[in-house]
Amino acid sequence: MKQRTLLMLLVFVLSIFAACENEDPSENKQPAIHPLKVMSYNVGACKNDLLEQDLLEQEYGEGTRQLIVITPSSTPGEITIRHINAWLSCGAKVVVRATLDTDKNIITLTESEEGEVADCVCMVDVTAEITGIEKGDYILVLARDSEYLDISVKDEPTIYWVGCEK
């Protein structure tokens with residue numbers, strides 16, 4: 001009988017210590033950075049740099065090198081991000097990933113080259129359909145270029161210039 005009482009007392013004390021281990025609320029927080037779902041993406045063919053640059057400057061103004069176009073979908077939380085004139089390795093396999101830092105409203109778009117890459121670069125257009133983004137103001141980080149853009153996800157398409165003030 002003494003052994004049973006002692007064993008029950010030991011189990012009781014151990015359960016108190018186990019319950020106390022999870023009292024720190026910071027341990028139960030979700031991480032602030034969440035992967036967004038990239039539903040699909042497309043990487044265009046290499047462009048003729050000079051011709052494309054002339055056409056871009058004619059349409060958007062002198063000094064325009066790269067653009068980001070954000071287009072909302074008819075489905076809430078979905079957008080299309082088009083990176084016009086991204087500089088990537090010729091013929092490389094490109095993978096697009098996106099994350100959202102919910103604490104700071106930072107969207108990071110990563111266009112990474114995988115596998116063997118050629119010894120040249122060219123301009124391509126990268127288009128990615130992404131879900132999990134609500135309307136609002138964000139900072140868009142183009143991880144490859146270390147560019148930071150203040151963007152706003154709205155009901156209409158919006159154009160942002162990369163690397164120059166417009």
# chains A, B, ... in the order shown; residues from 1 in each chain; ligands from 1
call {"tool": "select_by_dssp", "arguments": {"residues": "region 100-162 of chain A", "states": "strand (DSSP E)", "output": "JSON, numbers by chain"}}
result
{"A": [100, 101, 106, 107, 108, 109, 110, 111, 112, 113, 114, 121, 122, 123, 124, 125, 126, 127, 128, 129, 130, 131, 136, 137, 138, 139, 140, 141, 142, 147, 148, 149, 150, 151, 152, 153, 158, 159, 160, 161, 162]}
call {"tool": "write_last_selection", "arguments": {"atoms": "C-alpha atoms", "output": "short mmCIF file (atom, residue, chain, number, x, y, z; two decimals), in the first residue's frame"}}
result
data_model
loop_
_atom_site.label_atom_id
_atom_site.label_comp_id
_atom_site.auth_asym_id
_atom_site.auth_seq_id
_atom_site.Cartn_x
_atom_site.Cartn_y
_atom_site.Cartn_z
CA LEU A 100 5.44 36.33 -46.26
CA ASP A 101 6.76 37.80 -42.99
CA ILE A 106 7.34 41.67 -46.18
CA ILE A 107 6.87 39.48 -49.25
CA THR A 108 10.11 37.90 -50.46
CA LEU A 109 10.15 36.71 -54.06
CA THR A 110 13.03 34.39 -54.92
CA GLU A 111 13.88 33.52 -58.52
CA SER A 112 16.64 30.95 -58.18
CA GLU A 113 18.63 29.19 -60.87
CA GLU A 114 19.08 25.47 -60.32
CA VAL A 121 22.97 36.30 -68.58
CA CYS A 122 19.96 37.67 -70.41
CA MET A 123 16.71 39.48 -69.72
CA VAL A 124 13.60 37.34 -69.27
CA ASP A 125 10.10 37.91 -67.97
CA VAL A 126 9.13 35.85 -64.91
CA THR A 127 5.43 35.51 -64.12
CA ALA A 128 4.22 33.88 -60.90
CA GLU A 129 0.68 33.26 -59.67
CA ILE A 130 0.65 33.39 -55.87
CA THR A 131 -2.06 32.79 -53.29
CA GLY A 136 -2.89 45.91 -48.32
CA ASP A 137 0.52 47.53 -48.20
CA TYR A 138 3.67 45.40 -48.28
CA ILE A 139 7.37 45.57 -48.91
CA LEU A 140 8.32 43.33 -51.83
CA VAL A 141 11.87 42.02 -51.65
CA LEU A 142 13.38 40.71 -54.88
CA GLU A 147 15.73 45.30 -54.22
CA TYR A 148 13.06 46.52 -51.79
CA LEU A 149 9.83 47.95 -53.23
CA ASP A 150 6.89 49.48 -51.37
CA ILE A 151 3.86 47.89 -52.98
CA SER A 152 0.13 47.85 -52.46
CA VAL A 153 -2.08 44.91 -53.40
CA THR A 158 -0.12 48.27 -60.43
CA ILE A 159 3.33 48.89 -61.94
CA TYR A 160 6.52 49.37 -59.89
CA TRP A 161 9.91 50.40 -61.26
CA VAL A 162 12.91 48.42 -60.05
#
call {"tool": "closest_residue", "arguments": {"among": "A:Lys93, A:Lys135, A:Lys104, A:Lys154", "to": "Ala118 (chain A)", "atoms": "only C-alpha atoms"}}
result
A:Lys93
call {"tool": "atom_distance", "arguments": {"atom1": "CA of Glu134 (chain A)", "atom2": "CA of Ile84 (chain A)"}}
result
23.0 Å
call {"tool": "closest_residue", "arguments": {"among": "A:Asn85, A:Ser146, A:Asn42, A:Asn48", "to": "Arg65 (chain A)", "atoms": "only C-alpha atoms"}}
result
A:Asn85
call {"tool": "decode", "arguments": {"residues": "region 93-105 of chain A", "atoms": "N, CA, C and O atoms", "output": "PDB file, in the first residue's frame"}}
result
ATOM      1  N   LYS A  93      17.389  26.599 -65.531  1.00  0.00           N
ATOM      2  CA  LYS A  93      16.123  26.189 -64.927  1.00  0.00           C
ATOM      3  C   LYS A  93      15.893  27.119 -63.735  1.00  0.00           C
ATOM      4  O   LYS A  93      16.723  27.199 -62.833  1.00  0.00           O
ATOM      5  N   VAL A  94      14.789  27.833 -63.747  1.00  0.00           N
ATOM      6  CA  VAL A  94      14.491  28.810 -62.707  1.00  0.00           C
ATOM      7  C   VAL A  94      13.332  28.290 -61.860  1.00  0.00           C
ATOM      8  O   VAL A  94      12.353  27.770 -62.390  1.00  0.00           O
ATOM      9  N   VAL A  95      13.468  28.420 -60.540  1.00  0.00           N
ATOM     10  CA  VAL A  95      12.411  28.040 -59.606  1.00  0.00           C
ATOM     11  C   VAL A  95      12.003  29.303 -58.851  1.00  0.00           C
ATOM     12  O   VAL A  95      12.857  30.056 -58.390  1.00  0.00           O
ATOM     13  N   VAL A  96      10.695  29.527 -58.750  1.00  0.00           N
ATOM     14  CA  VAL A  96      10.181  30.711 -58.069  1.00  0.00           C
ATOM     15  C   VAL A  96       9.568  30.290 -56.740  1.00  0.00           C
ATOM     16  O   VAL A  96       8.765  29.354 -56.679  1.00  0.00           O
ATOM     17  N   ARG A  97       9.973  30.993 -55.672  1.00  0.00           N
ATOM     18  CA  ARG A  97       9.428  30.763 -54.340  1.00  0.00           C
ATOM     19  C   ARG A  97       9.011  32.114 -53.765  1.00  0.00           C
ATOM     20  O   ARG A  97       9.546  33.147 -54.140  1.00  0.00           O
ATOM     21  N   ALA A  98       8.068  32.071 -52.813  1.00  0.00           N
ATOM     22  CA  ALA A  98       7.626  33.305 -52.170  1.00  0.00           C
ATOM     23  C   ALA A  98       7.323  33.021 -50.705  1.00  0.00           C
ATOM     24  O   ALA A  98       6.820  31.954 -50.360  1.00  0.00           O
ATOM     25  N   THR A  99       7.683  33.975 -49.843  1.00  0.00           N
ATOM     26  CA  THR A  99       7.366  33.883 -48.422  1.00  0.00           C
ATOM     27  C   THR A  99       6.752  35.200 -47.968  1.00  0.00           C
ATOM     28  O   THR A  99       6.924  36.230 -48.610  1.00  0.00           O
ATOM     29  N   LEU A 100       6.046  35.144 -46.836  1.00  0.00           N
ATOM     30  CA  LEU A 100       5.442  36.334 -46.259  1.00  0.00           C
ATOM     31  C   LEU A 100       5.837  36.410 -44.793  1.00  0.00           C
ATOM     32  O   LEU A 100       5.605  35.468 -44.031  1.00  0.00           O
ATOM     33  N   ASP A 101       6.469  37.513 -44.397  1.00  0.00           N
ATOM     34  CA  ASP A 101       6.757  37.800 -42.994  1.00  0.00           C
ATOM     35  C   ASP A 101       5.548  38.566 -42.475  1.00  0.00           C
ATOM     36  O   ASP A 101       5.371  39.743 -42.779  1.00  0.00           O
ATOM     37  N   THR A 102       4.708  37.882 -41.703  1.00  0.00           N
ATOM     38  CA  THR A 102       3.442  38.483 -41.275  1.00  0.00           C
ATOM     39  C   THR A 102       3.646  39.600 -40.261  1.00  0.00           C
ATOM     40  O   THR A 102       2.812  40.491 -40.162  1.00  0.00           O
ATOM     41  N   ASP A 103       4.739  39.575 -39.511  1.00  0.00           N
ATOM     42  CA  ASP A 103       4.989  40.633 -38.524  1.00  0.00           C
ATOM     43  C   ASP A 103       5.335  41.956 -39.188  1.00  0.00           C
ATOM     44  O   ASP A 103       4.988  43.027 -38.693  1.00  0.00           O
ATOM     45  N   LYS A 104       6.050  41.903 -40.311  1.00  0.00           N
ATOM     46  CA  LYS A 104       6.543  43.126 -40.954  1.00  0.00           C
ATOM     47  C   LYS A 104       5.911  43.394 -42.314  1.00  0.00           C
ATOM     48  O   LYS A 104       6.291  44.340 -42.989  1.00  0.00           O
ATOM     49  N   ASN A 105       4.971  42.541 -42.748  1.00  0.00           N
ATOM     50  CA  ASN A 105       4.343  42.661 -44.061  1.00  0.00           C
ATOM     51  C   ASN A 105       5.373  42.706 -45.185  1.00  0.00           C
ATOM     52  O   ASN A 105       5.337  43.572 -46.055  1.00  0.00           O
TER      53      ASN A 105
END
